[in-house]
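To start, the structure under review is shown below, and the notes come after it.
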Amino acid sequence: MTFIESMKNSQLTAKNEILSGLTVALALVPEAIAFSLIANVSPLVGLYSAFIIGLVTALLGGRPGMISGATGAIAVVIVSLVARHGVEYLFAAVVLMGLIQIGIGLLRLGKFIRLVPHPVMFGFVNGLAIVIFMSQLDQFKVAGADASLSWLSGSPLWTMLGFVLATMAIIHFLPKLTTAVPASLAAIVSVSAIIIYFDIPTRTVGDIASIAGGLPQFHLPSVPLNLETLTIIFPYALIMALVGLIESLLTLTVIDEMTETRGRGNKECLAQGSANVLTGFFGGMGGCAMIGQSIINVSSGGRKRLSAVVAAVALLLFILVGAPLIEKIPMAALVGLMFMVAIGTFEWASLNVIRKVPAADVFVMVTVAVVTVVFHNLAVAVIIGVVISALVFAWENATRIRARKHIAADGAKHYHIFGPLFFGSIAVFQEKFDVVNDPQEVIIDFQESRVVDHSAIESLNRLTERYAKLGKIVHLRHLSADCRQLLDNASSIIDVNYLEDPKYKVVVDELA
């Protein structure tokens, strides 16, 4: 590649990054406002959070191209805190939330996201896609005289639907004609221009709330620095920290799959924590990665840090100088954009594999999606999915342990164990032995098995005690190094001597 070609490619990449960032910034405005209203705080609180968190994670995060900001998952958690104790306690909780996330990053616990099974991932993204879709339906409602919401009807409904469908059509078909401009940005600009030029009456961003404001100001939370305050904010901070990191790391995994690259989970934990500490000191509500906006960014060509930086800076400019213009953007255009995000987020391939995967995986997938939709709590949904998957895995492995038996020429009876010995398989393991009728010498061979946990050690202890009461000797063979270490560490429970000292209950024989 020549120098001139390299320069052209760099310019094209930079253009795509900037335009993608602008598209994301426009989509962030109504989301940040909506989440602020959910949390019962000023819309500017959500907008400032989106700016600070978005900028810090763009610069320091472990996943270039991923967008972070104020999110519904965090907003749902803080509602009761704001209602009971006020917004100042929220700011303090956000700072503590960030410190917890930094601690998790320093301990390198982000790697545990690898324990999330694929069915849980499917359920997570499918549930989130449904949540994104359903959250836009409020824009088709209008407040009545008694403050109750009712569905639009007549001309306002058809106007809204028409421009929503027009936005979706532009996003879908424009890439087939040209990729010079992100389809999402082109759709928002086109629909907005038509509505503004022809003065078509429809709901706009300004109808939700004003976004005009100044620079975020440094602010120490006005709360007493004592144990009582810590007792109040710690439960909320811990839940927010875990919810934020789970959503962020799962979003990172989704973007990894879309871009066929790999982000750095622990670095993202540190970035999210640093961003939340900073936003807490600037009057923000906290946040995490946003899968919808991240997908918009990646789909529009934003793969590097520049796009996320542009999105954050553009959002601040909207607040400072662009509010009069941004508030004229029709909600129909943004709803259409989010509908396309929901369609793109949903794992349609998961519907094709329902009849091809185990029923337990389908159950996990559906359960995670349902919990996500019903409770809007991604952390709880993912944890439930992981727990169910773990129990299914444990049950399946518990039924696989077996023993092959034979009596050697010297009269000793050999038990060759197959499958892991752990809490789930100990009952079946105990049933394999005929303690009363076995000869004086019994050899248990673990060449095809492993002693996994404390329950397995207890099971071995009970088994050797049963043999010892009848004056019979038990040898353990072919234990791996980690299994021998596990038994050594549990010497207060079960005695082990590799030299066959007769004072020990169990003798480990290393000879073949």
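Ordered as shown in the structure tokens, chains take letters A, B, and onward, while each chain numbers its residues from 1 and ligands are numbered from 1 in the order shown.
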DSSP on the backbone: which residues in segment 195-300 of chain A end up as helix (DSSP H, G or I)? Give the answer as a VMD selection string.
chain A and resid 195 to 197 205 to 208 227 to 259 265 to 280 291 to 299
Those same residues, written as an mmCIF file, in the first residue's frame with C-alpha atoms?
data_model
loop_
_atom_site.group_PDB
_atom_site.id
_atom_site.type_symbol
_atom_site.label_atom_id
_atom_site.label_comp_id
_atom_site.auth_asym_id
_atom_site.auth_seq_id
_atom_site.Cartn_x
_atom_site.Cartn_y
_atom_site.Cartn_z
ATOM 1 C CA ILE A 195 -40.630 17.614 9.586
ATOM 2 C CA ILE A 196 -38.994 20.967 10.365
ATOM 3 C CA TYR A 197 -39.290 22.340 6.784
ATOM 4 C CA VAL A 205 -36.887 15.966 21.933
ATOM 5 C CA GLY A 206 -37.806 19.335 23.411
ATOM 6 C CA ASP A 207 -41.251 18.017 24.319
ATOM 7 C CA ILE A 208 -39.604 15.574 26.735
ATOM 8 C CA LEU A 227 -20.635 4.857 59.305
ATOM 9 C CA GLU A 228 -24.361 5.562 59.012
ATOM 10 C CA THR A 229 -23.872 7.079 55.554
ATOM 11 C CA LEU A 230 -21.766 4.102 54.490
ATOM 12 C CA THR A 231 -24.467 1.745 55.753
ATOM 13 C CA ILE A 232 -27.037 3.569 53.608
ATOM 14 C CA ILE A 233 -25.095 3.828 50.356
ATOM 15 C CA PHE A 234 -23.047 0.603 50.379
ATOM 16 C CA PRO A 235 -25.851 -1.824 49.361
ATOM 17 C CA TYR A 236 -26.835 0.443 46.462
ATOM 18 C CA ALA A 237 -23.213 1.029 45.455
ATOM 19 C CA LEU A 238 -22.455 -2.701 45.438
ATOM 20 C CA ILE A 239 -25.517 -3.563 43.348
ATOM 21 C CA MET A 240 -24.805 -0.716 40.913
ATOM 22 C CA ALA A 241 -21.166 -1.784 40.613
ATOM 23 C CA LEU A 242 -22.074 -5.397 39.834
ATOM 24 C CA VAL A 243 -24.947 -4.487 37.504
ATOM 25 C CA GLY A 244 -22.746 -1.982 35.675
ATOM 26 C CA LEU A 245 -19.839 -4.377 35.219
ATOM 27 C CA ILE A 246 -21.992 -7.317 34.175
ATOM 28 C CA GLU A 247 -23.739 -5.215 31.526
ATOM 29 C CA SER A 248 -20.452 -3.648 30.427
ATOM 30 C CA LEU A 249 -18.566 -6.941 30.132
ATOM 31 C CA LEU A 250 -21.438 -8.669 28.339
ATOM 32 C CA THR A 251 -21.678 -5.721 25.949
ATOM 33 C CA LEU A 252 -17.924 -5.994 25.421
ATOM 34 C CA THR A 253 -18.362 -9.662 24.517
ATOM 35 C CA VAL A 254 -21.158 -8.852 22.041
ATOM 36 C CA ILE A 255 -19.039 -6.168 20.336
ATOM 37 C CA ASP A 256 -16.078 -8.570 20.276
ATOM 38 C CA GLU A 257 -18.199 -11.019 18.296
ATOM 39 C CA MET A 258 -19.445 -8.314 15.922
ATOM 40 C CA THR A 259 -15.951 -6.983 15.195
ATOM 41 C CA GLY A 265 -12.233 -6.988 30.451
ATOM 42 C CA ASN A 266 -10.114 -5.961 33.431
ATOM 43 C CA LYS A 267 -9.073 -2.728 31.742
ATOM 44 C CA GLU A 268 -12.742 -1.994 31.100
ATOM 45 C CA CYS A 269 -13.504 -2.581 34.813
ATOM 46 C CA LEU A 270 -10.866 0.002 35.765
ATOM 47 C CA ALA A 271 -12.173 2.483 33.189
ATOM 48 C CA GLN A 272 -15.798 2.062 34.275
ATOM 49 C CA GLY A 273 -14.799 2.518 37.912
ATOM 50 C CA SER A 274 -12.724 5.628 37.198
ATOM 51 C CA ALA A 275 -15.560 7.104 35.128
ATOM 52 C CA ASN A 276 -18.122 6.546 37.879
ATOM 53 C CA VAL A 277 -15.884 8.020 40.592
ATOM 54 C CA LEU A 278 -15.450 11.129 38.443
ATOM 55 C CA THR A 279 -19.130 11.438 37.537
ATOM 56 C CA GLY A 280 -20.069 11.095 41.212
ATOM 57 C CA ILE A 291 -25.385 -2.153 24.138
ATOM 58 C CA GLY A 292 -27.853 -0.288 21.912
ATOM 59 C CA GLN A 293 -25.620 2.733 21.325
ATOM 60 C CA SER A 294 -22.562 0.478 20.994
ATOM 61 C CA ILE A 295 -24.265 -1.455 18.218
ATOM 62 C CA ILE A 296 -25.256 1.823 16.506
ATOM 63 C CA ASN A 297 -21.628 2.929 16.679
ATOM 64 C CA VAL A 298 -20.133 -0.290 15.350
ATOM 65 C CA SER A 299 -22.783 -0.651 12.634
#
Interface rows for segment 189-211 of chain A against segment 39-43 of chain A: nearest pair, Å to one decimal, 8 Å, only C-alpha atoms, as JSON lines:
{"residue": "A:Ala209", "atom": "CA", "partner": "A:Pro43", "partner_atom": "CA", "distance": 7.1}
{"residue": "A:Ser210", "atom": "CA", "partner": "A:Pro43", "partner_atom": "CA", "distance": 7.9}
{"residue": "A:Ile211", "atom": "CA", "partner": "A:Pro43", "partner_atom": "CA", "distance": 7.1}
Suppose we keep C-alpha atoms; can you now write the selection as an mmCIF file, in the first residue's frame?
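Contents of the output file out-v4.cif:
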data_model
loop_
_atom_site.group_PDB
_atom_site.id
_atom_site.type_symbol
_atom_site.label_atom_id
_atom_site.label_comp_id
_atom_site.auth_asym_id
_atom_site.auth_seq_id
_atom_site.Cartn_x
_atom_site.Cartn_y
_atom_site.Cartn_z
ATOM 1 C CA ALA A 209 -37.300 18.015 28.526
ATOM 2 C CA SER A 210 -34.930 20.892 27.904
ATOM 3 C CA ILE A 211 -31.288 19.877 27.495
#
Using only C-alpha atoms, tabulate the residues of segment 322-418 of chain A lying at most 10 Å from any atom of segment 139-158 of chain A, each with its closest atom pair and that distance in Å to one decimal, by chain and increasing residue number, as JSON lines.
{"residue": "A:Met331", "atom": "CA", "partner": "A:Gln139", "partner_atom": "CA", "distance": 7.4}
{"residue": "A:Ala332", "atom": "CA", "partner": "A:Gln139", "partner_atom": "CA", "distance": 8.1}
{"residue": "A:Val335", "atom": "CA", "partner": "A:Gln139", "partner_atom": "CA", "distance": 7.7}
Skip segment 131-138 of chain A itself and residues of its chain fewer than 4 positions away, then list as a list in words all residues within 8 Å of it, counting only C-alpha atoms.
Gly127, Gly292, Val335, Met338, Phe339, Val341, Ala342, Thr372, Val373 and His376 of chain A
Would you list the contacts of His414 of chain A as a list in words, taking every protein, DNA or RNA residue within 9 Å and counting only C-alpha atoms, but skipping same-chain residues closer than 2 positions in sequence?
Arg404, Lys405, His406, Ile407, Ala408, Ala412, His416, Glu441, Val442, Ile443, Ile444 and Asp445 of chain A
Could the residues in this selection be saved with C-alpha atoms as an mmCIF file, in the first residue's frame?
data_model
loop_
_atom_site.group_PDB
_atom_site.id
_atom_site.type_symbol
_atom_site.label_atom_id
_atom_site.label_comp_id
_atom_site.auth_asym_id
_atom_site.auth_seq_id
_atom_site.Cartn_x
_atom_site.Cartn_y
_atom_site.Cartn_z
ATOM 1 C CA ARG A 404 -15.045 -50.745 36.712
ATOM 2 C CA LYS A 405 -14.182 -53.534 39.149
ATOM 3 C CA HIS A 406 -11.917 -56.597 39.097
ATOM 4 C CA ILE A 407 -10.009 -58.805 41.568
ATOM 5 C CA ALA A 408 -6.255 -59.125 40.928
ATOM 6 C CA ALA A 412 -6.899 -57.273 46.064
ATOM 7 C CA HIS A 416 -11.269 -47.988 38.469
ATOM 8 C CA GLU A 441 -7.243 -55.027 50.459
ATOM 9 C CA VAL A 442 -9.065 -52.521 48.238
ATOM 10 C CA ILE A 443 -7.415 -50.306 45.608
ATOM 11 C CA ILE A 444 -9.281 -47.260 44.263
ATOM 12 C CA ASP A 445 -7.728 -46.050 40.987
#
Write out as a VMD selection string all residues of segment 130-203 of chain A that DSSP puts in strand (DSSP E) for this structure's backbone.
chain A and resid 141 to 143 149 to 151
Include C-alpha atoms and write out the residues we just selected as an mmCIF file, in the first residue's frame.
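Done, and the output landed in result-v7.cif:
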data_model
loop_
_atom_site.group_PDB
_atom_site.id
_atom_site.type_symbol
_atom_site.label_atom_id
_atom_site.label_comp_id
_atom_site.auth_asym_id
_atom_site.auth_seq_id
_atom_site.Cartn_x
_atom_site.Cartn_y
_atom_site.Cartn_z
ATOM 1 C CA LYS A 141 -48.613 7.547 24.198
ATOM 2 C CA VAL A 142 -49.914 10.930 25.334
ATOM 3 C CA ALA A 143 -50.749 12.201 28.802
ATOM 4 C CA LEU A 149 -51.147 7.819 29.518
ATOM 5 C CA SER A 150 -53.227 6.732 26.533
ATOM 6 C CA TRP A 151 -52.236 5.595 23.063
#
